[in-house]
Amino acid sequence: MTNHFQTDSREMLARLRMVMAEDAAGQARLDKITALIADSMRTEVCSVYLFRDSETLELCATEGLKPEAVHQTRMRLGEGLVGRVARTGQIVNTADAPAEKGFRYMPETGEEAYSSFAGVPIRRLGEKMGVLVVQSKTARTFSEDELTALEVVAMVLAEMAELGVFTGEGAALSAPHTRPAVYRGLSGQEGAAEGHVWLHEPRVVITNPIADDPHRERDRLAEAVEQLRAAVDKLLEGVVEGDKEQLEILEAYRMFANSKGWLRRMEEDISRGLSAEAAVEKEQSSARARMESISDPYLRGRLHDLDDLSNRLLRILSGQGHETGADMPADPILVARNIGPAELLDYGRSLRGIVLEEGSVGSHAAIVARALAIPLVIHANRITTEALNGDHIFVDGDEGVVHLRAEDTVVTAFRDKMAMQAKAQERYASIRDAEAVSKCGQRVHLLMNAGLMADLPSLEGSGAEGVGLFRTELQFLIRNQMPRRSELSALYARVLDSAGGRRVVFRTLDIGSDKVLSYMKANDEPNPALGWRAIRVGLDKPGVMRMQLQALIRAANGRPLTVMFPFVAQYDEYRQARAEMDKAMERERILGHPLPETLEIGAMLETPSLAFAPTKFFEEVDFLSIGGNDLKQFFFAADRENERVRRRYDTLNVSFLSFLQGIVARCNTTGTSLSFCGEDAGRPIEAICFAALGLRTLSMRPASIGPVKSLLMRTDLGALRRVIEDARERGEQSVRPAVMDFLRQQG
């Protein structure tokens, strides 16, 4: 690239800055900018198209096309050459525009006179904002230098649009971050919440995209990159030995931080007139755009690392850290790309709801959100680029939908929904202390799931008869090193104290799959849900299991103790785990520690194989708990993280209910205590169907106990069972329609 062109590029930006500084309305300013770019690029036409909604572009300013076409000419995403640039994010550069595939002639613009066409995407951090176009009568393709200059200008336009410089009449020129937005993600935790946005990582705002002194900007960039490299080196020093996953990420950070190509591209953009911050963000936008078109998970992961590193560099350059001086609202809804369990626990119950761009239904954040009973929506794509601290927001964890800056009709409807839920909870409070007895006199025991001490107050308030599942892995997940036996023993003792004599079922450590400990060596597995996890880890590495079992025995301190082993697939695994408990009991007896008054040892039935274990297993195990979440995904071979297949299979599918009925029959024959634990136990319709099949103990989240009890007390389980059997006889795939008809008839 010649110095002459660099001077031209900087000159165009210098002229742009003068226009920006003028006291003019948004439309007038944008009109001047198109004239300036056309003059600098020596073209007859320059036009700016901006999105008026996610699918429609609008001509917002032009030099050279008919002025009356402004705000009248619109096109769909992908339509015409402009729409192609917007959809693909790729530059279109042609000497003969009408001959290009997909060309759309718009007679109202008068553009038929212009042959050459160059279109460049206007985007910020991967967010598509519009298209910058230049056209000329002379048939020619634009040089690489000219296209680069247009990209630099498009970057500045994106920053200016973000700052609201072009605000005017019409949807396309409306002030940024003011329009209502709806995000359809996935439910990570049920519940509904209203509040105001609290960004976990507030965006960096660039107010100086154009720089006067490229030498000074390059020095600033070099200094910031050195700080970044030092910070990454320090992070690498602190990695716990064996933490392969964290080590890989930080090694990728170091590789990018030391990449000459990354630094060179940013320095070149500074030479063209951008500030150091704008050059970093331009590179970051390119990385995000590439991420969108790459399906390979490894490459996407590396681009994600580069994106995160760019964020760190921007914060160093701008001085805009996590502490912005803003006060957290009284009703905070946390919005983040992702968040770790320890960070989430730091916020604690102060949060009304959580919205993440990433995450999964089994992620650490989801587990903590469930433990704290906070509504959570995951996969709310791009919400961090649109939401601002303090924005009004509704989170519908039941449907996986988020309403940002909602319109009045949505506000009214959502508040009505929340009021109905609150009214229902009041109704449930009146039956809180009543036994769950069906209309036909069948007693059903309703227990709650827990995983943190913060859960236990819900035991009294929800009306739960005990804790059917205490997830012990949360205490391991929220730390960066293995907890000590004494710490675990003290925690488990507090749990038993808080339960006030009610039964607590402690599930031993269930790690692996999507629950990976940062301080244990990670295993690369093609399908972790079917891999080395839960009891398999405990039996192969018995040291942690022994330590945990000793902590549980000491916590009981002579009181009754109930322990359950997760993910048992065959009888022999249960026998080996039971033998470990026998050894732990014997060791504690020898040491003179008090042994539990009673000891119950059970297993979680999460794999279909265990349902067909030898009868001797059912006779030997003290109790069984059906782990519905995992069992359903293995039964239907449908990953519960995959929306495409997860929703295809109904819990009330006849095949699945027949399978559950078979387990109930085997347990009845051997007198084995049986319960159902999982999300479906907390859904009233599913719960009464389980009870109709003979399941007499259900364990669920605390908030579900009232709704489930209320419906149980109004249902004749014998009549419901006949409805289920009739639907099966008719060959129906799911009993749900028949069950809903039955309930409607019952009023």
# chains A, B, ... in the order shown; residues from 1 in each chain; ligands from 1
>>> residues_around(residues="A:Ala373", least_positions_apart="2", cutoff="12 Å", atoms="only C-alpha atoms", output="ChimeraX atom specification")
/A:188-193,348-354,365-371,375-376,397,448-452,454-458,700-704
>>> residues_around(residues="A:Ala24", least_positions_apart="4", cutoff="12 Å", atoms="only C-alpha atoms", output="PDB file with C-alpha atoms, in the first residue's frame")
ATOM      1  CA  MET A  18     -15.231  17.552  11.088  1.00  0.00           C
ATOM      2  CA  VAL A  19     -18.722  16.589   9.879  1.00  0.00           C
ATOM      3  CA  MET A  20     -19.305  14.626  13.077  1.00  0.00           C
ATOM      4  CA  ALA A  28     -28.264  16.179   7.664  1.00  0.00           C
ATOM      5  CA  ARG A  29     -25.057  14.737   9.058  1.00  0.00           C
ATOM      6  CA  LEU A  30     -25.552  11.451   7.221  1.00  0.00           C
ATOM      7  CA  ASP A  31     -26.293  13.325   3.968  1.00  0.00           C
ATOM      8  CA  LYS A  32     -23.012  15.258   4.307  1.00  0.00           C
ATOM      9  CA  ILE A  33     -21.109  12.034   4.979  1.00  0.00           C
ATOM     10  CA  VAL A 165     -25.064  10.289  15.937  1.00  0.00           C
ATOM     11  CA  PHE A 166     -27.486   9.569  13.050  1.00  0.00           C
ATOM     12  CA  THR A 167     -30.709   9.550  15.035  1.00  0.00           C
ATOM     13  CA  GLY A 168     -33.641  10.825  12.988  1.00  0.00           C
TER      14      GLY A 168
END
>>> closest_residue(among="A:Gly119, A:Gly500, A:Gly441, A:Pro341", to="A:Leu712", atoms="only C-alpha atoms")
A:Gly441
>>> residues_around(residues="stretch 601-610 of chain A", least_positions_apart="2", cutoff="7 Å", atoms="only C-alpha atoms", output="list in words")
Thr562, Val563, Met564, Phe565, Pro566, Phe567, Val568, Ala569, Gln570, Leu599, Phe612, Ala613, Val621, Asp622, Phe623, Leu624, Ser625, Ile626, Gly627, Gly628, Asp630, Leu631, Phe634 and Phe635 of chain A
>>> select_by_dssp(residues="stretch 522-618 of chain A", states="strand (DSSP E or B)", output="list of chain:residue names")
A:Leu561, A:Thr562, A:Val563, A:Met564, A:Phe565, A:Leu599, A:Glu600, A:Ile601, A:Gly602, A:Ala603, A:Met604, A:Leu605
>>> residues_around(residues="A:Val401", least_positions_apart="3", cutoff="7 Å", atoms="only C-alpha atoms", output="ChimeraX atom specification")
/A:183-185,377,395-397
>>> select_by_dssp(residues="stretch 247-340 of chain A", states="helix (DSSP H, G or I)", output="NGL selection string")
:A and (247-257 or 260-271 or 276-293 or 297-318)
>>> residues_around(residues="stretch 156-162 of chain A", least_positions_apart="4", cutoff="8 Å", atoms="only C-alpha atoms", output="number ranges by chain")
A: 122-124, 129, 152, 166-167, 176, 206-207, 209-210, 278
>>> residues_around(residues="stretch 638-655 of chain A", least_positions_apart="2", cutoff="8 Å", atoms="only C-alpha atoms", output="PyMOL selection string")
chain A and resi 360-362+629+632-636+657-659+680+686+689+728+732-736
>>> closest_residue(among="A:Thr178, A:Ser710, A:Ile688, A:Ile553", to="A:Ala429", atoms="only C-alpha atoms")
A:Ser710
>>> residues_around(residues="A:Arg264", least_positions_apart="2", cutoff="12 Å", atoms="only C-alpha atoms", output="number ranges by chain")
A: 218, 221-222, 225, 257-262, 266-271, 279-280, 283
>>> atom_distance(atom1="atom CA of A:Ala387", atom2="atom CA of A:Trp198")
9.0 Å
